[in-house]
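Raw upload26.pdb, PDB, C-alpha atoms:
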```pdb
ATOM      1  CA  MET A   1       8.452  15.895 -24.299
ATOM      2  CA  ILE A   2      10.251  13.049 -22.567
ATOM      3  CA  ASP A   3      12.643  15.571 -20.986
ATOM      4  CA  ILE A   4       9.775  17.413 -19.367
ATOM      5  CA  ILE A   5       8.339  14.197 -17.921
ATOM      6  CA  LEU A   6      11.768  13.232 -16.602
ATOM      7  CA  ALA A   7      12.271  16.648 -15.016
ATOM      8  CA  VAL A   8       8.878  16.555 -13.331
ATOM      9  CA  PHE A   9       9.352  13.015 -12.002
ATOM     10  CA  CYS A  10      12.857  13.696 -10.707
ATOM     11  CA  THR A  11      11.731  16.883  -8.973
ATOM     12  CA  ILE A  12       8.793  15.203  -7.282
ATOM     13  CA  GLY A  13      10.989  12.282  -6.201
ATOM     14  CA  ALA A  14      13.672  14.541  -4.767
ATOM     15  CA  LEU A  15      11.057  16.618  -2.958
ATOM     16  CA  ALA A  16       9.479  13.484  -1.493
ATOM     17  CA  ILE A  17      12.823  12.314  -0.119
ATOM     18  CA  LEU A  18      13.619  15.796   1.201
ATOM     19  CA  ILE A  19      10.290  15.932   3.009
ATOM     20  CA  ALA A  20      10.910  12.484   4.463
ATOM     21  CA  ALA A  21      14.237  13.722   5.791
ATOM     22  CA  ILE A  22      12.624  16.793   7.330
ATOM     23  CA  GLY A  23       9.895  14.559   8.720
ATOM     24  CA  ILE A  24      12.433  12.440  10.601
ATOM     25  CA  LEU A  25      13.632  15.569  12.386
ATOM     26  CA  ARG A  26      10.262  17.153  13.038
ATOM     27  CA  MET A  27       7.831  14.369  13.897
ATOM     28  CA  PRO A  28       7.183  14.012  17.601
ATOM     29  CA  ASP A  29       7.277  10.245  18.100
ATOM     30  CA  PHE A  30       8.700   7.073  16.659
ATOM     31  CA  TYR A  31       5.615   5.745  14.860
ATOM     32  CA  LEU A  32       4.983   9.033  13.085
ATOM     33  CA  ARG A  33       8.614   9.202  11.990
ATOM     34  CA  LEU A  34       8.392   5.684  10.615
ATOM     35  CA  SER A  35       5.130   6.373   8.882
ATOM     36  CA  VAL A  36       6.439   9.522   7.196
ATOM     37  CA  THR A  37       9.730   8.013   6.123
ATOM     38  CA  VAL A  38       8.841   4.673   4.578
ATOM     39  CA  LYS A  39       6.232   5.879   2.102
ATOM     40  CA  ALA A  40       7.983   8.999   0.955
ATOM     41  CA  ALA A  41      11.230   7.117   0.458
ATOM     42  CA  THR A  42       9.431   4.452  -1.556
ATOM     43  CA  LEU A  43       7.717   7.075  -3.694
ATOM     44  CA  GLY A  44      10.934   9.022  -4.238
ATOM     45  CA  GLY A  45      13.062   5.996  -5.030
ATOM     46  CA  GLY A  46      10.349   4.614  -7.281
ATOM     47  CA  LEU A  47      10.130   7.842  -9.252
ATOM     48  CA  PHE A  48      13.907   7.955  -9.698
ATOM     49  CA  LEU A  49      13.896   4.379 -10.961
ATOM     50  CA  LEU A  50      11.081   5.194 -13.376
ATOM     51  CA  CYS A  51      13.145   8.111 -14.631
ATOM     52  CA  ALA A  52      16.088   5.783 -15.211
ATOM     53  CA  ALA A  53      13.798   3.431 -17.120
ATOM     54  CA  PHE A  54      12.473   6.270 -19.274
ATOM     55  CA  TYR A  55      15.891   7.801 -19.861
ATOM     56  CA  PHE A  56      17.332   4.634 -21.442
ATOM     57  CA  PRO A  57      14.470   3.366 -23.579
ATOM     58  CA  GLU A  58      16.868   1.659 -25.992
ATOM     59  CA  GLU A  59      18.581  -0.410 -23.325
ATOM     60  CA  VAL A  60      16.288  -3.208 -22.293
ATOM     61  CA  SER A  61      18.702  -4.440 -19.604
ATOM     62  CA  VAL A  62      18.613  -1.082 -17.789
ATOM     63  CA  THR A  63      14.840  -0.905 -17.935
ATOM     64  CA  THR A  64      14.494  -4.465 -16.687
ATOM     65  CA  LYS A  65      16.789  -3.801 -13.764
ATOM     66  CA  ALA A  66      14.969  -0.598 -12.887
ATOM     67  CA  LEU A  67      11.599  -2.320 -12.983
ATOM     68  CA  ALA A  68      12.880  -5.248 -10.919
ATOM     69  CA  ILE A  69      14.283  -2.905  -8.264
ATOM     70  CA  LEU A  70      10.993  -1.012  -8.216
ATOM     71  CA  PHE A  71       9.041  -4.235  -7.789
ATOM     72  CA  PHE A  72      11.121  -5.455  -4.872
ATOM     73  CA  LEU A  73      11.156  -2.000  -3.286
ATOM     74  CA  VAL A  74       7.362  -1.904  -3.254
ATOM     75  CA  LEU A  75       7.224  -5.492  -2.039
ATOM     76  CA  THR A  76       9.722  -5.253   0.817
ATOM     77  CA  ALA A  77       9.409  -1.719   2.231
ATOM     78  CA  PRO A  78       5.999  -2.341   3.897
ATOM     79  CA  VAL A  79       7.258  -5.582   5.436
ATOM     80  CA  ALA A  80      10.251  -3.817   6.954
ATOM     81  CA  ALA A  81       8.033  -1.011   8.247
ATOM     82  CA  HIS A  82       5.613  -3.509   9.777
ATOM     83  CA  LEU A  83       8.371  -5.405  11.585
ATOM     84  CA  ILE A  84      10.014  -2.241  12.912
ATOM     85  CA  ALA A  85       6.667  -0.921  14.140
ATOM     86  CA  ARG A  86       5.781  -4.220  15.788
ATOM     87  CA  THR A  87       9.115  -4.399  17.589
ATOM     88  CA  ALA A  88       8.746  -0.808  18.709
ATOM     89  CA  TYR A  89       5.305  -1.525  20.127
ATOM     90  CA  LEU A  90       6.484  -4.669  21.887
ATOM     91  CA  ILE A  91       9.249  -2.816  23.735
ATOM     92  CA  ASP A  92       6.743  -0.076  24.715
ATOM     93  CA  THR A  93       8.069   2.823  22.709
ATOM     94  CA  GLU A  94       6.407   5.976  23.900
ATOM     95  CA  GLN A  95       3.616   7.554  21.883
ATOM     96  CA  TRP A  96       3.053  11.233  21.296
ATOM     97  CA  LYS A  97       0.782  13.007  23.786
ATOM     98  CA  GLY A  98      -1.611  13.920  20.952
ATOM     99  CA  THR A  99      -2.416  10.264  20.317
ATOM    100  CA  ILE A 100      -6.186   9.941  20.580
ATOM    101  CA  GLN A 101      -6.656   6.194  20.402
ATOM    102  CA  ASP A 102      -4.807   2.962  21.080
ATOM    103  CA  ASP A 103      -6.674  -0.229  20.318
ATOM    104  CA  LEU A 104      -3.588  -2.345  20.792
ATOM    105  CA  VAL A 105      -3.463  -1.965  24.578
ATOM    106  CA  GLY A 106      -3.704  -5.361  26.228
ATOM    107  CA  MET A 107      -3.998  -7.242  22.970
ATOM    108  CA  TYR A 108      -0.528  -8.731  23.016
ATOM    109  CA  ASP A 109       0.166 -11.795  25.028
ATOM    110  CA  LYS A 110       3.168 -10.716  27.085
ATOM    111  CA  GLU A 111       4.614 -14.242  27.280
ATOM    112  CA  ASN A 112       4.696 -15.465  23.704
ATOM    113  CA  HIS A 113       3.817 -12.280  21.765
ATOM    114  CA  THR A 114       0.729 -13.704  20.123
ATOM    115  CA  LEU A 115      -1.762 -11.057  19.099
ATOM    116  CA  HIS A 116      -5.467 -11.485  19.780
ATOM    117  CA  SER A 117      -8.227  -9.983  17.715
ATOM    118  CA  GLU A 118     -10.545  -9.773  20.726
ATOM    119  CA  ILE A 119      -9.625  -8.799  24.251
ATOM    120  CA  PRO A 120      -8.308 -12.016  25.822
ATOM    121  CA  PRO A 121     -10.472 -13.339  28.679
ATOM    122  CA  GLN A 122      -7.824 -13.196  31.395
ATOM    123  CA  ASN A 123      -7.325  -9.481  30.773
ATOM    124  CA  LEU A 124     -11.049  -8.757  30.781
ATOM    125  CA  SER A 125     -11.683  -9.360  34.473
ATOM    126  CA  GLY A 126      -9.429  -7.023  36.378
ATOM    127  CA  GLU A 127      -6.511  -5.947  34.323
ATOM    128  CA  MET A 128      -8.255  -3.666  31.851
ATOM    129  CA  GLU A 129      -9.611  -1.295  34.500
ATOM    130  CA  PRO A 130      -6.322  -0.213  36.064
ATOM    131  CA  GLU A 131      -4.627  -0.275  32.693
ATOM    132  CA  SER A 132      -6.942   2.286  31.156
ATOM    133  CA  GLY A 133      -6.557   4.598  34.170
ATOM    134  CA  PRO A 134      -2.886   5.605  33.964
ATOM    135  CA  ASP A 135      -3.124   5.462  30.193
ATOM    136  CA  GLU A 136      -5.602   8.317  30.167
ATOM    137  CA  ASN A 137      -3.334  10.414  32.346
ATOM    138  CA  LYS A 138      -0.383   9.857  30.067
ATOM    139  CA  ARG A 139      -2.183  11.441  27.168
TER     140      ARG A 139
ATOM    141  CA  MET B   1      -8.490 -16.881 -17.588
ATOM    142  CA  VAL B   2      -4.859 -18.065 -17.329
ATOM    143  CA  ARG B   3      -5.180 -19.466 -20.842
ATOM    144  CA  HIS B   4      -6.157 -16.053 -22.182
ATOM    145  CA  PHE B   5      -3.309 -14.363 -20.363
ATOM    146  CA  LEU B   6      -0.725 -16.784 -21.723
ATOM    147  CA  MET B   7      -2.142 -16.402 -25.210
ATOM    148  CA  ASN B   8      -1.916 -12.635 -24.886
ATOM    149  CA  LEU B   9       1.690 -12.903 -23.740
ATOM    150  CA  LEU B  10       2.498 -15.159 -26.680
ATOM    151  CA  LEU B  11       0.960 -12.672 -29.099
ATOM    152  CA  ALA B  12       2.980  -9.862 -27.542
ATOM    153  CA  PHE B  13       6.226 -11.817 -27.932
ATOM    154  CA  THR B  14       5.305 -12.657 -31.500
ATOM    155  CA  TRP B  15       4.783  -8.978 -32.202
ATOM    156  CA  VAL B  16       8.176  -8.131 -30.677
ATOM    157  CA  ALA B  17       9.894 -10.863 -32.686
ATOM    158  CA  LEU B  18       8.202  -9.849 -35.945
ATOM    159  CA  THR B  19       9.002  -6.169 -35.619
ATOM    160  CA  GLY B  20      12.470  -6.984 -34.267
ATOM    161  CA  VAL B  21      12.466  -4.034 -31.867
ATOM    162  CA  LEU B  22      13.087  -5.174 -28.300
ATOM    163  CA  TYR B  23      11.880  -2.138 -26.353
ATOM    164  CA  TYR B  24       9.432  -2.163 -23.511
ATOM    165  CA  SER B  25       7.209   0.335 -25.276
ATOM    166  CA  ASN B  26       7.024  -2.011 -28.241
ATOM    167  CA  PHE B  27       6.221  -4.932 -25.965
ATOM    168  CA  ILE B  28       3.389  -3.012 -24.321
ATOM    169  CA  PHE B  29       2.091  -2.006 -27.746
ATOM    170  CA  GLY B  30       2.142  -5.662 -28.834
ATOM    171  CA  PHE B  31       0.383  -6.655 -25.642
ATOM    172  CA  ALA B  32      -2.356  -4.116 -26.313
ATOM    173  CA  ILE B  33      -2.812  -5.334 -29.881
ATOM    174  CA  GLY B  34      -2.906  -8.940 -28.668
ATOM    175  CA  PHE B  35      -5.486  -8.029 -26.049
ATOM    176  CA  PHE B  36      -7.660  -6.376 -28.644
ATOM    177  CA  LEU B  37      -7.388  -9.341 -31.002
ATOM    178  CA  LEU B  38      -8.224 -11.839 -28.278
ATOM    179  CA  TRP B  39     -11.186  -9.740 -27.250
ATOM    180  CA  LEU B  40     -12.429  -9.663 -30.833
ATOM    181  CA  MET B  41     -12.068 -13.425 -31.175
ATOM    182  CA  ASN B  42     -13.684 -14.289 -27.844
ATOM    183  CA  ARG B  43     -16.599 -11.883 -27.949
ATOM    184  CA  ASN B  44     -19.180 -14.666 -28.144
ATOM    185  CA  GLU B  45     -17.527 -16.963 -25.609
ATOM    186  CA  ASP B  46     -18.880 -17.380 -22.100
ATOM    187  CA  ASP B  47     -15.592 -16.863 -20.287
ATOM    188  CA  GLN B  48     -15.129 -13.090 -20.295
ATOM    189  CA  ARG B  49     -13.296 -12.829 -16.955
ATOM    190  CA  TYR B  50      -9.895 -11.964 -18.402
ATOM    191  CA  PHE B  51     -11.255  -9.149 -20.537
ATOM    192  CA  ASN B  52     -13.138  -7.647 -17.639
ATOM    193  CA  ARG B  53     -10.249  -7.947 -15.256
ATOM    194  CA  VAL B  54      -7.384  -6.349 -17.173
ATOM    195  CA  PRO B  55      -9.014  -2.888 -17.492
ATOM    196  CA  LYS B  56     -10.027  -3.130 -13.843
ATOM    197  CA  ILE B  57      -6.456  -3.856 -12.742
ATOM    198  CA  ILE B  58      -5.091  -0.952 -14.773
ATOM    199  CA  GLY B  59      -7.761   1.364 -13.387
ATOM    200  CA  PHE B  60      -7.016   0.194  -9.868
ATOM    201  CA  ILE B  61      -3.272   0.840 -10.228
ATOM    202  CA  LEU B  62      -3.936   4.357 -11.532
ATOM    203  CA  TYR B  63      -6.413   5.006  -8.729
ATOM    204  CA  PHE B  64      -3.914   3.778  -6.151
ATOM    205  CA  LEU B  65      -1.153   6.017  -7.527
ATOM    206  CA  TYR B  66      -3.521   8.990  -7.431
ATOM    207  CA  GLU B  67      -4.487   8.286  -3.814
ATOM    208  CA  MET B  68      -0.840   7.817  -2.865
ATOM    209  CA  VAL B  69       0.226  11.143  -4.365
ATOM    210  CA  LYS B  70      -2.732  12.936  -2.787
ATOM    211  CA  ALA B  71      -1.997  11.549   0.669
ATOM    212  CA  ASN B  72       1.709  12.301   0.241
ATOM    213  CA  ILE B  73       0.883  15.952  -0.386
ATOM    214  CA  GLN B  74      -1.191  16.054   2.794
ATOM    215  CA  VAL B  75       1.628  14.562   4.864
ATOM    216  CA  ALA B  76       4.176  16.848   3.203
ATOM    217  CA  TYR B  77       2.079  19.880   4.096
ATOM    218  CA  ASP B  78       1.972  18.793   7.700
ATOM    219  CA  VAL B  79       5.709  18.159   7.812
ATOM    220  CA  VAL B  80       6.652  21.508   6.326
ATOM    221  CA  THR B  81       4.239  23.825   8.139
ATOM    222  CA  PRO B  82       5.057  24.597  11.776
ATOM    223  CA  LYS B  83       1.758  23.517  13.323
ATOM    224  CA  PHE B  84       0.813  19.849  13.585
ATOM    225  CA  PHE B  85      -2.670  19.014  12.334
ATOM    226  CA  MET B  86      -2.462  15.314  12.964
ATOM    227  CA  LYS B  87      -4.385  13.128  15.351
ATOM    228  CA  PRO B  88      -2.535   9.843  15.480
ATOM    229  CA  GLY B  89      -3.929   6.653  16.907
ATOM    230  CA  ILE B  90      -3.894   2.882  16.589
ATOM    231  CA  VAL B  91      -7.074   1.405  15.165
ATOM    232  CA  LYS B  92      -8.283  -2.170  15.090
ATOM    233  CA  TYR B  93      -9.582  -3.013  11.662
ATOM    234  CA  THR B  94     -11.585  -6.165  10.943
ATOM    235  CA  MET B  95     -10.706  -7.458   7.521
ATOM    236  CA  GLU B  96     -12.902  -8.993   4.879
ATOM    237  CA  ALA B  97      -9.832 -10.456   3.187
ATOM    238  CA  LYS B  98      -9.373 -14.132   3.980
ATOM    239  CA  THR B  99      -6.463 -15.760   2.194
ATOM    240  CA  ASP B 100      -2.796 -15.021   2.741
ATOM    241  CA  PHE B 101      -2.442 -13.346  -0.627
ATOM    242  CA  GLU B 102      -5.359 -11.003  -0.015
ATOM    243  CA  ILE B 103      -4.076 -10.043   3.422
ATOM    244  CA  ASN B 104      -0.631  -9.448   2.002
ATOM    245  CA  MET B 105      -1.928  -7.189  -0.759
ATOM    246  CA  LEU B 106      -4.189  -5.306   1.623
ATOM    247  CA  SER B 107      -1.464  -4.628   4.170
ATOM    248  CA  THR B 108       0.982  -3.610   1.444
ATOM    249  CA  MET B 109      -1.540  -1.112   0.124
ATOM    250  CA  ILE B 110      -2.328   0.275   3.542
ATOM    251  CA  ALA B 111       1.351   0.547   4.353
ATOM    252  CA  LEU B 112       2.107   2.398   1.139
ATOM    253  CA  THR B 113      -0.647   4.945   1.672
ATOM    254  CA  PRO B 114       1.026   7.760   3.588
ATOM    255  CA  GLY B 115      -0.229   8.391   7.072
ATOM    256  CA  THR B 116      -1.138   4.788   7.734
ATOM    257  CA  LEU B 117       1.119   2.037   8.977
ATOM    258  CA  VAL B 118       0.299  -1.604   9.614
ATOM    259  CA  ILE B 119       1.591  -2.578  13.023
ATOM    260  CA  ASP B 120       0.541  -6.208  13.210
ATOM    261  CA  VAL B 121      -1.821  -8.869  11.925
ATOM    262  CA  SER B 122      -3.602 -10.802  14.638
ATOM    263  CA  ASP B 123      -2.769 -14.487  14.867
ATOM    264  CA  ASP B 124      -6.237 -15.657  13.866
ATOM    265  CA  ARG B 125      -6.011 -13.420  10.768
ATOM    266  CA  LYS B 126      -9.229 -11.571  11.405
ATOM    267  CA  THR B 127      -7.976  -8.121  12.249
ATOM    268  CA  ILE B 128      -5.056  -5.862  11.523
ATOM    269  CA  TYR B 129      -3.890  -3.000  13.698
ATOM    270  CA  ILE B 130      -3.275   0.201  11.797
ATOM    271  CA  HIS B 131      -1.416   3.224  13.042
ATOM    272  CA  ALA B 132      -3.099   6.235  11.432
ATOM    273  CA  MET B 133      -1.833   9.780  11.357
ATOM    274  CA  TYR B 134      -5.070  11.532  10.498
ATOM    275  CA  MET B 135      -8.095  10.239  12.323
ATOM    276  CA  LYS B 136     -11.218  12.354  12.683
ATOM    277  CA  SER B 137     -13.011   9.500  14.388
ATOM    278  CA  LYS B 138     -12.440   5.790  14.577
ATOM    279  CA  GLU B 139     -15.634   4.846  12.691
ATOM    280  CA  GLN B 140     -14.953   7.290   9.922
ATOM    281  CA  PHE B 141     -11.389   6.052   9.477
ATOM    282  CA  ILE B 142     -12.486   2.408   9.339
ATOM    283  CA  GLU B 143     -15.220   3.285   6.858
ATOM    284  CA  GLN B 144     -12.705   5.134   4.715
ATOM    285  CA  ILE B 145     -10.291   2.201   4.596
ATOM    286  CA  ARG B 146     -13.107  -0.227   3.858
ATOM    287  CA  GLU B 147     -14.661   1.781   1.066
ATOM    288  CA  ARG B 148     -11.609   3.268  -0.553
ATOM    289  CA  VAL B 149      -9.080   0.466  -0.228
ATOM    290  CA  GLU B 150     -10.414  -2.932   0.690
ATOM    291  CA  ARG B 151     -13.579  -3.110  -1.436
ATOM    292  CA  LYS B 152     -11.767  -1.995  -4.550
ATOM    293  CA  LEU B 153      -8.838  -4.311  -3.925
ATOM    294  CA  LEU B 154     -10.999  -7.378  -3.335
ATOM    295  CA  GLU B 155     -13.067  -6.546  -6.406
ATOM    296  CA  VAL B 156      -9.905  -6.686  -8.489
ATOM    297  CA  ILE B 157      -8.117  -9.719  -7.096
ATOM    298  CA  ARG B 158     -11.042 -11.999  -6.278
TER     299      ARG B 158
END
```

Please render this file's structure as structure tokens.
Amino acid sequence: MIDIILAVFCTIGALAILIAAIGILRMPDFYLRLSVTVKAATLGGGLFLLCAAFYFPEEVSVTTKALAILFFLVLTAPVAAHLIARTAYLIDTEQWKGTIQDDLVGMYDKENHTLHSEIPPQNLSGEMEPESGPDENKR
Amino acid sequence: MVRHFLMNLLLAFTWVALTGVLYYSNFIFGFAIGFFLLWLMNRNEDDQRYFNRVPKIIGFILYFLYEMVKANIQVAYDVVTPKFFMKPGIVKYTMEAKTDFEINMLSTMIALTPGTLVIDVSDDRKTIYIHAMYMKSKEQFIEQIRERVERKLLEVIR
């Protein structure tokens, strides 16, 4: 019984990591690559760690370590992904031509990198109009 | 609430010590027995928050795992098949979550759901910007996040 569960978990985990690897090669732009990789790697690594925890049920130290690694993996992977994506957006990494929407245009303060939740007043007057023009052509 | 949790933990450790078997499965079994006992003893008390919350948290974790696997399959299908079905875009999402902890949990959940990626939280902590892979329309995507993720999450942790 436990062998079957282990086999299923390991297979799914390995497949998830394989698909993440293929995704890095195939996805057309940086954000999509990031978004495919981080989750699938977390899922795959998490399933492997769960397998390790199930495989040594008599060794509490192994299970504890596996659970601790799993906890920190889930806690830290989204933070890393968020920082990488933010940096990529700040240095104007190109987006795929199929991108249908970008709400983040003009929201960053170019000087100090603060992010507004509404369109800042100095951008409202003249800057938004020319900015949306070339943006449409790019897509 | 915290009192009940600590009591439950104490009962679980007592169970482990009495049976003398230090396995995780045994600990979880002891925790379940302790939960049941506490529930029996506190049935007539006013403070039922702990007993309502624990099943909710477990249900939420299972639901989240199910959603994660489902979305992973969708992304995997798109990666493996030659044609791209995705419509990526960056969406502004106005949060209902207020405190730091709630925002942290919400963005972790959104980031771990495949196809969505949190790019940044605005400095006044009202909105987050999400990069989504599959977006039929902006309204529908926002509605989906609000109904499927945020409502359920806030119900559990508030």

Task: chain B contacts to chain A at 8 Å (all atoms listed in the file) as a ChimeraX atom specification - done: /B:22-24,72,75-76,79-80,87-92,107-108,111-124,126-127,129,131,133

- [ ] Please evaluate the PyMOL selection byres ((chain B and resi 11-14) around 10) against the displayed coordinates and give the resulting residues as JSON, numbers by chain.
- [x] {"B": [5, 6, 7, 8, 9, 10, 15, 16, 17, 18, 19, 20, 22, 26, 27, 28, 29, 30, 31, 32, 33, 34, 35, 37, 38]}

Task: Point (-12.0, 4.5, 9.2) neighbourhood (7 Å, only C-alpha atoms) written as a ChimeraX atom specification - done: /B:138-145

TODO: Provide the atom CA of A:Lys65 to atom CA of B:Arg3 distance in Å, to one decimal place.
DONE: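 Atom-to-atom, atom CA of A:Lys65 and atom CA of B:Arg3 are spaced 27.9 Å apart.
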
Open item on the list: Just to confirm, what's the straight-line distance from atom CA of B:Asp100 to atom CA of A:Gly44 in Å (one decimal)?
Closed with: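 Atom-to-atom, atom CA of B:Asp100 to atom CA of A:Gly44, that is 28.6 Å.
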
- [ ] Work out how far atom CA of A:Ile2 is from atom CA of B:Phe64, in Å to one decimal.
- [x]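 Those two atoms sit 23.6 Å apart.
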
Open item on the list: If we count all atoms listed in the file and set the cut-off at 8 Å, which residues sit around A:Gly13, ignoring sequence neighbours fewer than 4 positions away in its own chain? Please answer as a list in words.
Closed with: Phe9, Ile17, Leu43, Gly44, Gly45, Gly46, Leu47 and Phe48 of chain A

Using all atoms of stretch 22-28 of chain B listed in the file and a margin of 8 Å per side, can you give the axis-aligned box centre and edge lengths in Å to one decimal, as JSON?
```
{"center_x": 8.2, "center_y": -2.4, "center_z": -25.9, "size_x": 25.7, "size_y": 21.5, "size_z": 20.8}
```

Open item on the list: Just checking: using all atoms listed in the file, which residue out of B:Val21, B:Ile73, B:Met86, B:Met68 ends up closest to B:Lys136?
Closed with: B:Met86
